[in-house]
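Novice: Have a look at the structure that comes next, please.
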Amino acid sequence: MAMLNMAKALNLALREALAENDKAIILGQDVGYDEGVFRITEGLLKQFGEERVVDFPVAESAIIGLAIGLCVTGYTPICEMQFSGFGYHGFHQIESHATRLRNRTRGRFTCPMVIRMPYGGGIRAIEHHSESRETIWAHLPGMKVVIPSGPRNARALLRASIQDPDPVMFYEPKASYRAFREEVPDEPETMEIGKAQVVREGNDVTIISYGASMRPVLEAAEELEEDHGIDAELIDLLSLVPLDRDTINASVRKTGRCVVVHEAPKHIGPAAEVVAGIVEDSLLYLEAPIERVTGYDLVLPFFNSELPFMPDVRKVISATQKVLSF
Amino acid sequence: MAMLNMAKALNLALREALAENDKAIILGQDVGYDEGVFRITEGLLKQFGEERVVDFPVAESAIIGLAIGLCVTGYTPICEMQFSGFGYHGFHQIESHATRLRNRTRGRFTCPMVIRMPYGGGIRAIEHHSESRETIWAHLPGMKVVIPSGPRNARALLRASIQDPDPVMFYEPKASYRAFREEVPDEPETMEIGKAQVVREGNDVTIISYGASMRPVLEAAEELEEDHGIDAELIDLLSLVPLDRDTINASVRKTGRCVVVHEAPKHIGPAAEVVAGIVEDSLLYLEAPIERVTGYDLVLPFFNSELPFMPDVRKVISATQKVLSF
Amino acid sequence: MPRKKITLENTIDSLSILDEKGKVDKKLEPKLSKDDLLKLFRAMTLARRYDERMLKLQRQGRIGTYGPALGQEAASLGPAFAIDESDWYVPSFREPAGMLYRGWPMARLMLWWGGNEIGATPLPKMNDMPISVPVASQIQYGAGIAWGLKLDGGDRVAVAFVGDGGTSEGDFHEGLNCAAAFGLPLVVVIQNNHWAISLPRHKQSASKTLAQKAIAYGIDGIQTDGNDILAMVEATREAVAKARKGGGPTLIEAVTYRMGVHTTADDPTKYRKDEEVEPWKPKDPLVRFWKYISDKGVLDEAGREQMEKEVTAQISEAVEASESYEPNLMEPFDHCFAERTPALEQQRAQFEAYLNGNGNGKASGSAPVSHSAVH
Amino acid sequence: MPRKKITLENTIDSLSILDEKGKVDKKLEPKLSKDDLLKLFRAMTLARRYDERMLKLQRQGRIGTYGPALGQEAASLGPAFAIDESDWYVPSFREPAGMLYRGWPMARLMLWWGGNEIGATPLPKMNDMPISVPVASQIQYGAGIAWGLKLDGGDRVAVAFVGDGGTSEGDFHEGLNCAAAFGLPLVVVIQNNHWAISLPRHKQSASKTLAQKAIAYGIDGIQTDGNDILAMVEATREAVAKARKGGGPTLIEAVTYRMGVHTTADDPTKYRKDEEVEPWKPKDPLVRFWKYISDKGVLDEAGREQMEKEVTAQISEAVEASESYEPNLMEPFDHCFAERTPALEQQRAQFEAYLNGNGNGKASGSAPVSHSAVH
Ligand SMILES: Cc1ncc(C[n+]2csc(CCOP(=O)(O)OP(=O)(O)O)c2C)c(N)n1
Ligand SMILES: Cc1ncc(C[n+]2csc(CCOP(=O)(O)OP(=O)(O)O)c2C)c(N)n1
Ligand SMILES: [Mg+2]
Ligand SMILES: [Mg+2]
């Protein structure tokens, strides 16, 4: 066991993948000699060489497009988009081919690729470096969308994503890269994609979130308990596709109240799907409207103004209080 | 008044726009001499010339990108994407600039552009010609998303979209282009963007839909009344951004029951937002879970198999019955 | 030093071997056995007759919209012939000649245009990608395949196709630029048929030739007579030989012409004059190749008639096979992911119930078909 | 006929006027008044000192990540100087020299890097686009602006910038191809500073020069010494004159060098050797231009010192102005659409209540800042 931050944990998973699977190839801008602008690929070029860790020209559509061809010839490409805000350039390749190739060819060709993208605000970055647009990926049929929240699940889920026989959008909460450390087992650890985790048990209300927002949510839960005597159950979704409705339903049926939290804009965001699913499965258990604590339907402001526009402890607490006082 | 199909009605709106606003320019693939692959731009090149109706190379990112520059210099570009399935190539230009320019420059530069895209299945087209991905556009802050359902509202809404000072994604249900005719007034008619329409009043259940799905929904409502004595209220959303929650709430508060219908995949689709909004505003009025009749979370199959995968009369009826028998 | 012309290092050549009259340039004539010549002629004939039949099937409503490749047979066949089975063939959508030559069951191609995924499924061991619809997107996975082949360490190559219109797309640029920067064994063939639906070649790009776009990537380009099967074979052979030796990509512009409609949903009289088509008729790749092989004594009229009969029979068989195909409506749920997600499991159950609901699985009352203008 | 070299119609030249030693090629020397030369020198000095100050402000935590343009002053300034105020200047992100020359208040540029939208807002009448972050995307709206100018019917032009790395993007290709096909008055300047973050120029593209990419679009390309302000002025003037006369776009490759970090979040020692930077030091655009104008007697040491003082004062003023700026947190709700949607109206009310909740509008307890490696 080592105490690792998420950046190091992701690096570990990538290192393992390259060592275990000689068809695995990392490609992206500055992933080689520069070791990634967030240093997630640290040491990998040195250890595995230029053929396995490939510095790519500034051409995102080509990163995805060439990766599709690599898949067809039996390789396992692990793509890095430098920031999720530049992943849109590859949207058409993802929608048109990566997510469809298996279906189109009745399984003859598949796309076991992983696309890593750092997402989210709160790191004082310039424009286009702070978006949360997981919705647009999670809405596309044929791609899994995995979003870790801490070092340990980041490593285990990235391993699982690389092993997954289908394309996985691995959306990394960059604000959490170096935010805290956790024990990460030395031996390879894999988590099943599509299982949410109850990270805190409670009886009064269910708070559902994922990714970077888990941190204010966890803090809010502590404060809710200490200052307000509210016993919140917290669910970390960990993946949006598949979405673990069983875990959500079990909790909401117990608590009858729910708050959903994410950075992404509210309108047709993941929280809407969570709510709609609860309505389908567990409407009669609901004792109050479900509150969504999300980004506003705005472009996240430039960094000098961005923090108040993101979900935070205070917003989670007041939404939870609202749900409880209904 | 003339009886027009939607294709002709859209053509009328475009003709009016070019005549009324000499800064309006139509650009897209085959919109000129070919008059559009769906003939929506019929006669326009002849009437307004090559400067106003511009045949564009096969370069979707450039269509959007150049249109942004046209906006900056005071023009009103009306872009046609040949099919919504090829609009993804312009995703990054839309996300990065078209939707942000006003905010980024504090209103100094704006993007009063319209992007027309034919969407949806049911026309026996080859792959990539049948998608419904309005979600990905409607989730982006800074763009309106308008989806007409018939000739008259198509004309009035397209006029409004062209006049709108902000970017509008005008998503056209191509299966409805020539499906039926309606009286369309000769004098210019404009509808306010963001207002849903109650197209059929009823007391038992609210059925909410938009675009091409309105047709099976309307048929289902007739059948529900005639064969099952169910009195459904139908709402045609007409736009996803802004979403008219007032009209939705008023109806659901009256009926207590609701079905939402669209072709787009279910997962994090527009129906989820409709449900989540109802939960926020009108939970206590709900007498049954809300049913979603949507596309499956699959790529729409090639055309020989596609119809059963789309919402249809029978699916709407059985969902409505389910909601009513709860 | 101060003001100089920059010397460009790449060559942009033009190549034509068999002229319109069927006269061959002896110095350039590629080595082809009698058997090869027969194979090529049969393949071109087969593709031509297939196209003609498809147009009929479309008019009869037995398939959907169809995009013929009439007159472009040589451009797609030459490269297919010039590579090995173990190489990769990455078509766009106007390469039936090459695809059939590569071994696609004709019935599958028919099923593709009839709206069935099985038509996009190559046979188990074929190194062939299916028809690609999003213009130029296949250049990218073509380059990726070439990358995989390079990593494999052999000397295999990939040949990818794109239309003249497709050269305007960003994907064309990114794919070729990366392939060149990485030195990948990729040959890109532009089928310049002079039209992107209604946009003529000269309005797509101000460049005099499409071959010269190679200069942007630091690779060689060659403009061939795309209706000359010998030139297509020769140009591809050269490019492939270079690629096998690690020489990286080549760009081949095959100058040909779209003799017919863009697709059956298209009406070219709206945007082009018949006069423009006329001069291309004598340039027909079959006509001149027939002249060449019959002059050479490779095939006589009787032999040709026999061949035509066989081809017709083969096509009719394929029509029958394709029309006896019944899609399995449940299958899409099996091919979204390797394993169904819980959501898909639930949706599958709902769908199954729906299909059983009225016994025939057909949707009732949904939007009727109306696609007059869909290409 | 059968096998021929294709003659390319466009010229790819190289141009250098003022050499590293400050010696000018008299035949090519552009006509510039004393006043012009002083303006240019002041603008280059201002940009250099601005950059240095920004790096300091960044180290002091007074702005965010900063991307300096040290050593690239001539490449962005020459084109700004060579166009009129009524023309359009479309920067990428390494054109502070040109932007300041065009009239951007320095405080606004500082505010941009300090994370404020006001920094992206040009003054009311400026024909200037703000800094653009998504690599190469600005070529597209640059072409669109040129299109608008052409439609307006005057003879105005647009100059758009992109980096060497940006030439790998599809947007570079589509924008230039369309601009050329439409004959738009657009000049595209590639600031080839030899690096795209850690990817050296030769790994970005196999093309020997970036200027030759012009051939793909049927336009002229010119490779200039990008550290030579005279060559930059001259090359732009030629390109602009051609564009004004309806001659369409030109591609200028300004060969320069990124003397510093990519951004302050970058550590170039990871991927490039100091030895590579060394030879570029004597090529400094300021040093040689100073030699040129002082030899010419345009400015003496005392004059230069005075100029430096003024520049320093101007920068300090801008720092002060920028640091007294307070963003209005409610403003984003006013600039999403011309009018707020009901959803935004509601969200605005919620946000306002939130801001009033603890009196200071700052979020408590949200993710702490950690951006060691963000460029
Ligand atoms: C990305 C994309 N945009 C638009 C289309 C619609 N479309 C189909 S074919 C075509 C023209 C292609 O022209 P070209 O590349 O010359 O090929 P050709 O049809 O002449 O063989 C267009 C615009 C498409 N399939 N893909
Ligand atoms: C579309 C896009 N992809 C990636 C990035 C991240 N990024 C910022 S600058 C840069 C390198 C650009 O290199 P170049 O064009 O040579 O410009 P330079 O930084 O050298 O001025 C990259 C990859 C981006 N801003 N936009
Ligand atoms: Mg063509
Ligand atoms: Mg650079």
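To be explicit about the labels: the chains of the structure tokens are called A, B, and onward in the order shown, and within each one the residues are counted from 1, while ligands get numbers from 1 in the order they are shown.
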Could the residues that lie within 12 Å of ligand 3, counting only C-alpha atoms and all ligand atoms, be listed as a VMD selection string?

Specialist: (chain B and resid 57 to 58) or (chain C and resid 67 to 69 72 92 to 94 135 to 136 161 to 168 190 to 204 210 253 to 263)

Novice: Might you pull out every residue within 8 Å of stretch 9-12 of chain A, with only C-alpha atoms counted and same-chain residues fewer than 4 positions away left off, and present them as a PyMOL selection string?

Specialist: chain A and resi 4-5+16+40-42+151-152+154-155+158+184

Novice: Filtering to all heavy atoms, could you give me those residues as a tab-separated table (two decimals), in the first residue's frame?

Specialist:
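Once written, selection.tsv looks like this:
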```tsv
chain	number	residue	atom	x	y	z
A	4	LEU	N	-1.08	7.55	-2.32
A	4	LEU	CA	-0.93	8.21	-3.62
A	4	LEU	C	-2.01	9.25	-3.82
A	4	LEU	O	-3.14	9.09	-3.35
A	4	LEU	CB	-1.03	7.20	-4.76
A	4	LEU	CG	-0.05	6.01	-4.79
A	4	LEU	CD1	-0.30	5.17	-6.03
A	4	LEU	CD2	1.39	6.51	-4.77
A	5	ASN	N	-1.67	10.30	-4.56
A	5	ASN	CA	-2.73	11.19	-5.03
A	5	ASN	C	-3.30	10.62	-6.33
A	5	ASN	O	-2.81	9.61	-6.85
A	5	ASN	CB	-2.24	12.64	-5.18
A	5	ASN	CG	-1.17	12.78	-6.25
A	5	ASN	OD1	-1.10	11.98	-7.19
A	5	ASN	ND2	-0.33	13.79	-6.10
A	16	GLU	N	0.77	-0.13	-15.24
A	16	GLU	CA	0.36	-1.54	-15.20
A	16	GLU	C	-0.16	-2.00	-16.55
A	16	GLU	O	0.16	-3.08	-17.04
A	16	GLU	CB	-0.73	-1.73	-14.14
A	16	GLU	CG	-0.22	-1.61	-12.71
A	16	GLU	CD	-1.35	-1.54	-11.67
A	16	GLU	OE1	-2.52	-1.26	-12.05
A	16	GLU	OE2	-1.06	-1.76	-10.49
A	40	ILE	N	0.41	12.92	-15.78
A	40	ILE	CA	-0.22	11.63	-15.52
A	40	ILE	C	0.59	10.51	-16.17
A	40	ILE	O	0.56	9.37	-15.71
A	40	ILE	CB	-1.67	11.62	-16.06
A	40	ILE	CG1	-2.47	12.80	-15.51
A	40	ILE	CG2	-2.38	10.30	-15.73
A	40	ILE	CD1	-2.61	12.85	-14.02
A	41	THR	N	1.33	10.83	-17.22
A	41	THR	CA	2.10	9.78	-17.90
A	41	THR	C	3.57	9.81	-17.49
A	41	THR	O	4.45	9.34	-18.23
A	41	THR	CB	1.98	9.95	-19.43
A	41	THR	OG1	2.29	11.30	-19.78
A	41	THR	CG2	0.56	9.64	-19.90
A	42	GLU	N	3.82	10.32	-16.32
A	42	GLU	CA	5.19	10.45	-15.83
A	42	GLU	C	5.97	9.13	-15.92
A	42	GLU	O	5.50	8.09	-15.46
A	42	GLU	CB	5.15	10.92	-14.37
A	42	GLU	CG	6.44	11.55	-13.91
A	42	GLU	CD	6.25	12.32	-12.60
A	42	GLU	OE1	5.21	12.13	-11.93
A	42	GLU	OE2	7.14	13.12	-12.26
A	151	PRO	N	-8.11	8.68	-5.51
A	151	PRO	CA	-6.97	7.92	-6.04
A	151	PRO	C	-7.26	6.43	-6.21
A	151	PRO	O	-6.98	5.85	-7.26
A	151	PRO	CB	-5.89	8.16	-4.99
A	151	PRO	CG	-6.24	9.49	-4.39
A	151	PRO	CD	-7.74	9.53	-4.39
A	152	ARG	N	-7.86	5.82	-5.21
A	152	ARG	CA	-8.00	4.37	-5.26
A	152	ARG	C	-8.98	3.94	-6.35
A	152	ARG	O	-8.70	3.05	-7.13
A	152	ARG	CB	-8.44	3.84	-3.90
A	152	ARG	CG	-8.48	2.34	-3.87
A	152	ARG	CD	-8.53	1.79	-2.47
A	152	ARG	NE	-8.67	0.34	-2.52
A	152	ARG	CZ	-8.62	-0.44	-1.47
A	152	ARG	NH1	-8.43	0.08	-0.26
A	152	ARG	NH2	-8.75	-1.74	-1.58
A	154	ALA	N	-9.83	5.69	-8.86
A	154	ALA	CA	-9.30	6.13	-10.16
A	154	ALA	C	-8.41	5.04	-10.74
A	154	ALA	O	-8.52	4.68	-11.91
A	154	ALA	CB	-8.52	7.43	-10.01
A	155	ARG	N	-7.53	4.52	-9.93
A	155	ARG	CA	-6.64	3.46	-10.41
A	155	ARG	C	-7.42	2.22	-10.80
A	155	ARG	O	-7.22	1.64	-11.89
A	155	ARG	CB	-5.62	3.16	-9.31
A	155	ARG	CG	-4.50	2.23	-9.70
A	155	ARG	CD	-4.87	0.75	-9.65
A	155	ARG	NE	-3.71	-0.06	-9.46
A	155	ARG	CZ	-3.44	-0.72	-8.36
A	155	ARG	NH1	-4.28	-0.66	-7.34
A	155	ARG	NH2	-2.34	-1.44	-8.26
A	158	LEU	N	-9.60	2.87	-13.90
A	158	LEU	CA	-8.85	3.03	-15.15
A	158	LEU	C	-8.36	1.66	-15.64
A	158	LEU	O	-8.43	1.35	-16.83
A	158	LEU	CB	-7.68	4.01	-14.97
A	158	LEU	CG	-6.86	4.30	-16.23
A	158	LEU	CD1	-7.74	4.70	-17.43
A	158	LEU	CD2	-5.82	5.40	-15.97
A	184	VAL	N	-3.43	3.18	-1.82
A	184	VAL	CA	-3.72	2.48	-3.06
A	184	VAL	C	-2.93	1.19	-3.03
A	184	VAL	O	-1.70	1.21	-2.86
A	184	VAL	CB	-3.32	3.33	-4.28
A	184	VAL	CG1	-3.50	2.55	-5.57
A	184	VAL	CG2	-4.14	4.62	-4.32
```

Novice: Write out as a short mmCIF file (atom, residue, chain, number, x, y, z; two decimals) with C-alpha atoms, in the first residue's frame which residues come within 8 Å of stretch 200-217 of chain B when counting only C-alpha atoms, dropping same-chain ones fewer than 6 positions away.

Specialist:
```
data_model
loop_
_atom_site.label_atom_id
_atom_site.label_comp_id
_atom_site.auth_asym_id
_atom_site.auth_seq_id
_atom_site.Cartn_x
_atom_site.Cartn_y
_atom_site.Cartn_z
CA GLY B 120 -34.51 11.71 -37.07
CA ILE B 147 -37.70 21.86 -33.01
CA PRO B 148 -40.81 22.44 -35.09
CA SER B 149 -43.47 19.81 -35.64
CA GLY B 150 -45.58 21.09 -38.52
CA GLU B 172 -35.80 19.83 -38.40
CA PRO B 173 -37.79 16.58 -38.26
CA LYS B 174 -37.04 15.39 -41.76
CA ALA B 175 -39.63 12.63 -41.63
CA SER B 176 -42.18 15.44 -41.41
CA ILE B 230 -58.87 8.44 -22.27
CA ASP B 231 -58.77 12.20 -22.57
CA ALA B 232 -55.14 13.18 -23.10
CA GLU B 233 -53.70 16.67 -23.07
CA LEU B 234 -50.89 17.06 -25.58
CA ILE B 235 -48.02 19.48 -25.29
CA ASP B 236 -45.73 20.28 -28.18
CA LEU B 237 -42.56 21.68 -26.62
CA LEU B 238 -41.35 23.38 -29.81
CA SER B 239 -38.11 24.33 -28.11
CA ILE B 248 -45.73 21.70 -18.52
CA SER B 251 -50.91 20.68 -17.45
CA VAL B 252 -49.37 18.13 -15.10
CA LYS B 254 -54.25 19.38 -13.83
CA THR B 255 -53.84 15.78 -14.98
CA GLY B 256 -51.45 14.40 -12.38
CA ARG B 257 -50.07 11.97 -14.92
CA CYS B 258 -47.53 12.33 -17.65
CA VAL B 259 -45.84 10.59 -20.56
CA VAL B 260 -42.86 12.12 -22.38
CA VAL B 261 -42.04 11.04 -25.91
CA HIS B 262 -39.01 11.54 -28.15
CA GLU B 263 -36.88 9.70 -30.67
CA PRO B 311 -41.60 5.75 -30.68
CA ASP B 312 -44.90 4.93 -32.32
CA VAL B 313 -48.60 5.04 -31.67
CA VAL B 316 -47.44 5.81 -26.66
CA THR B 320 -50.29 6.07 -21.35
CA LEU B 324 -53.31 5.68 -16.03
CA GLY C 365 -48.71 4.25 -37.40
CA SER C 366 -45.28 5.74 -37.22
CA ALA C 367 -44.05 8.37 -39.64
#
```

Novice: So which residues touch stretch 17-21 of chain A within 10 Å, counting only C-alpha atoms, skipping near sequence neighbours fewer than 4 positions away, as a PyMOL selection string?

Specialist: chain A and resi 11-13+25-26+44+47-48+52-53+75-76+78+158-160+162-163+188

Novice: Considering only C-alpha atoms, extract the chain B residues located within 6 Å of chain C and return them as a ChimeraX atom specification.

Specialist: /B:30,33-34,37-38,57-59,123,216,302-304,307-308,312-313

Novice: Save the residues we just selected, N, CA, C and O atoms, as a PDB file, in the first residue's frame?

Specialist:
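Once written, part.pdb looks like this:
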```
ATOM      1  N   ASP B  30     -24.625  22.062 -51.020  1.00  0.00           N
ATOM      2  CA  ASP B  30     -25.663  21.827 -52.025  1.00  0.00           C
ATOM      3  C   ASP B  30     -26.934  22.651 -51.795  1.00  0.00           C
ATOM      4  O   ASP B  30     -28.002  22.268 -52.247  1.00  0.00           O
ATOM      5  N   TYR B  33     -27.323  25.522 -56.265  1.00  0.00           N
ATOM      6  CA  TYR B  33     -27.851  25.002 -57.530  1.00  0.00           C
ATOM      7  C   TYR B  33     -28.699  23.754 -57.324  1.00  0.00           C
ATOM      8  O   TYR B  33     -29.675  23.524 -58.019  1.00  0.00           O
ATOM      9  N   ASP B  34     -28.321  22.960 -56.353  1.00  0.00           N
ATOM     10  CA  ASP B  34     -29.076  21.731 -56.087  1.00  0.00           C
ATOM     11  C   ASP B  34     -30.331  22.018 -55.262  1.00  0.00           C
ATOM     12  O   ASP B  34     -31.186  21.156 -55.112  1.00  0.00           O
ATOM     13  N   VAL B  37     -30.416  19.068 -50.461  1.00  0.00           N
ATOM     14  CA  VAL B  37     -30.764  17.678 -50.757  1.00  0.00           C
ATOM     15  C   VAL B  37     -32.219  17.389 -50.404  1.00  0.00           C
ATOM     16  O   VAL B  37     -32.811  16.461 -50.923  1.00  0.00           O
ATOM     17  N   PHE B  38     -32.802  18.199 -49.541  1.00  0.00           N
ATOM     18  CA  PHE B  38     -34.236  18.052 -49.266  1.00  0.00           C
ATOM     19  C   PHE B  38     -35.061  19.157 -49.937  1.00  0.00           C
ATOM     20  O   PHE B  38     -36.234  19.342 -49.623  1.00  0.00           O
ATOM     21  N   PRO B  57     -18.041  23.927 -49.587  1.00  0.00           N
ATOM     22  CA  PRO B  57     -17.313  22.658 -49.637  1.00  0.00           C
ATOM     23  C   PRO B  57     -17.719  21.729 -48.478  1.00  0.00           C
ATOM     24  O   PRO B  57     -18.373  22.159 -47.525  1.00  0.00           O
ATOM     25  N   VAL B  58     -17.342  20.479 -48.594  1.00  0.00           N
ATOM     26  CA  VAL B  58     -17.693  19.482 -47.576  1.00  0.00           C
ATOM     27  C   VAL B  58     -16.780  19.681 -46.365  1.00  0.00           C
ATOM     28  O   VAL B  58     -15.772  18.997 -46.198  1.00  0.00           O
ATOM     29  N   ALA B  59     -17.141  20.640 -45.541  1.00  0.00           N
ATOM     30  CA  ALA B  59     -16.287  21.054 -44.421  1.00  0.00           C
ATOM     31  C   ALA B  59     -17.186  21.687 -43.369  1.00  0.00           C
ATOM     32  O   ALA B  59     -17.382  22.899 -43.354  1.00  0.00           O
ATOM     33  N   ILE B 123     -36.999   7.449 -42.536  1.00  0.00           N
ATOM     34  CA  ILE B 123     -37.059   7.804 -43.961  1.00  0.00           C
ATOM     35  C   ILE B 123     -36.233   6.839 -44.811  1.00  0.00           C
ATOM     36  O   ILE B 123     -35.867   7.159 -45.931  1.00  0.00           O
ATOM     37  N   PRO B 216     -47.024  10.499 -34.195  1.00  0.00           N
ATOM     38  CA  PRO B 216     -47.603   9.335 -33.506  1.00  0.00           C
ATOM     39  C   PRO B 216     -48.330   9.728 -32.219  1.00  0.00           C
ATOM     40  O   PRO B 216     -49.327   9.107 -31.855  1.00  0.00           O
ATOM     41  N   PHE B 302     -29.844   0.182 -38.909  1.00  0.00           N
ATOM     42  CA  PHE B 302     -29.971   0.469 -40.340  1.00  0.00           C
ATOM     43  C   PHE B 302     -31.455   0.365 -40.710  1.00  0.00           C
ATOM     44  O   PHE B 302     -32.235  -0.306 -40.050  1.00  0.00           O
ATOM     45  N   PHE B 303     -31.830   0.977 -41.811  1.00  0.00           N
ATOM     46  CA  PHE B 303     -33.246   1.287 -42.010  1.00  0.00           C
ATOM     47  C   PHE B 303     -34.185   0.090 -42.129  1.00  0.00           C
ATOM     48  O   PHE B 303     -35.358   0.196 -41.810  1.00  0.00           O
ATOM     49  N   ASN B 304     -33.644  -1.033 -42.531  1.00  0.00           N
ATOM     50  CA  ASN B 304     -34.554  -2.173 -42.666  1.00  0.00           C
ATOM     51  C   ASN B 304     -35.123  -2.609 -41.317  1.00  0.00           C
ATOM     52  O   ASN B 304     -36.137  -3.301 -41.253  1.00  0.00           O
ATOM     53  N   LEU B 307     -37.814   0.995 -37.823  1.00  0.00           N
ATOM     54  CA  LEU B 307     -39.116   1.474 -37.343  1.00  0.00           C
ATOM     55  C   LEU B 307     -39.505   0.980 -35.948  1.00  0.00           C
ATOM     56  O   LEU B 307     -39.939   1.775 -35.113  1.00  0.00           O
ATOM     57  N   PRO B 308     -39.352  -0.314 -35.678  1.00  0.00           N
ATOM     58  CA  PRO B 308     -39.762  -0.759 -34.331  1.00  0.00           C
ATOM     59  C   PRO B 308     -38.948  -0.124 -33.209  1.00  0.00           C
ATOM     60  O   PRO B 308     -39.353  -0.181 -32.045  1.00  0.00           O
ATOM     61  N   ASP B 312     -43.790   5.003 -31.380  1.00  0.00           N
ATOM     62  CA  ASP B 312     -44.903   4.930 -32.319  1.00  0.00           C
ATOM     63  C   ASP B 312     -46.216   4.956 -31.550  1.00  0.00           C
ATOM     64  O   ASP B 312     -46.232   5.035 -30.311  1.00  0.00           O
ATOM     65  N   VAL B 313     -47.284   4.909 -32.281  1.00  0.00           N
ATOM     66  CA  VAL B 313     -48.601   5.035 -31.671  1.00  0.00           C
ATOM     67  C   VAL B 313     -48.806   3.984 -30.581  1.00  0.00           C
ATOM     68  O   VAL B 313     -49.245   4.282 -29.464  1.00  0.00           O
TER      69      VAL B 313
END
```

Novice: Taking 6 positions as the minimum chain separation for residues in the same chain, which residues sit within 9 Å of stretch 89-91 of chain C when counting only C-alpha atoms? Answer as a list in words.

Specialist: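 That gives Ser76, Pro79, Ala80, Ile83, Gly98, Met99, Arg102, Asn127, Asp128, Met129, Pro130, Ile131, Ser132, Gln138, Ile139, Tyr141, Gly142, Val157, Ala158, Val159, Ala160, Phe161 and Val162 of chain C.
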
Novice: Residues near stretch 134-142 of chain A, anyone? I mean within 10 Å using only C-alpha atoms, not counting same-chain ones fewer than 5 positions away, as a ChimeraX atom specification.

Specialist: /A:84,88,91,94-95,97-103,111,119-120,147,166-171,239-243,263-265,267-271,273 /B:133,135-140,264-269,296-300 /C:335-338
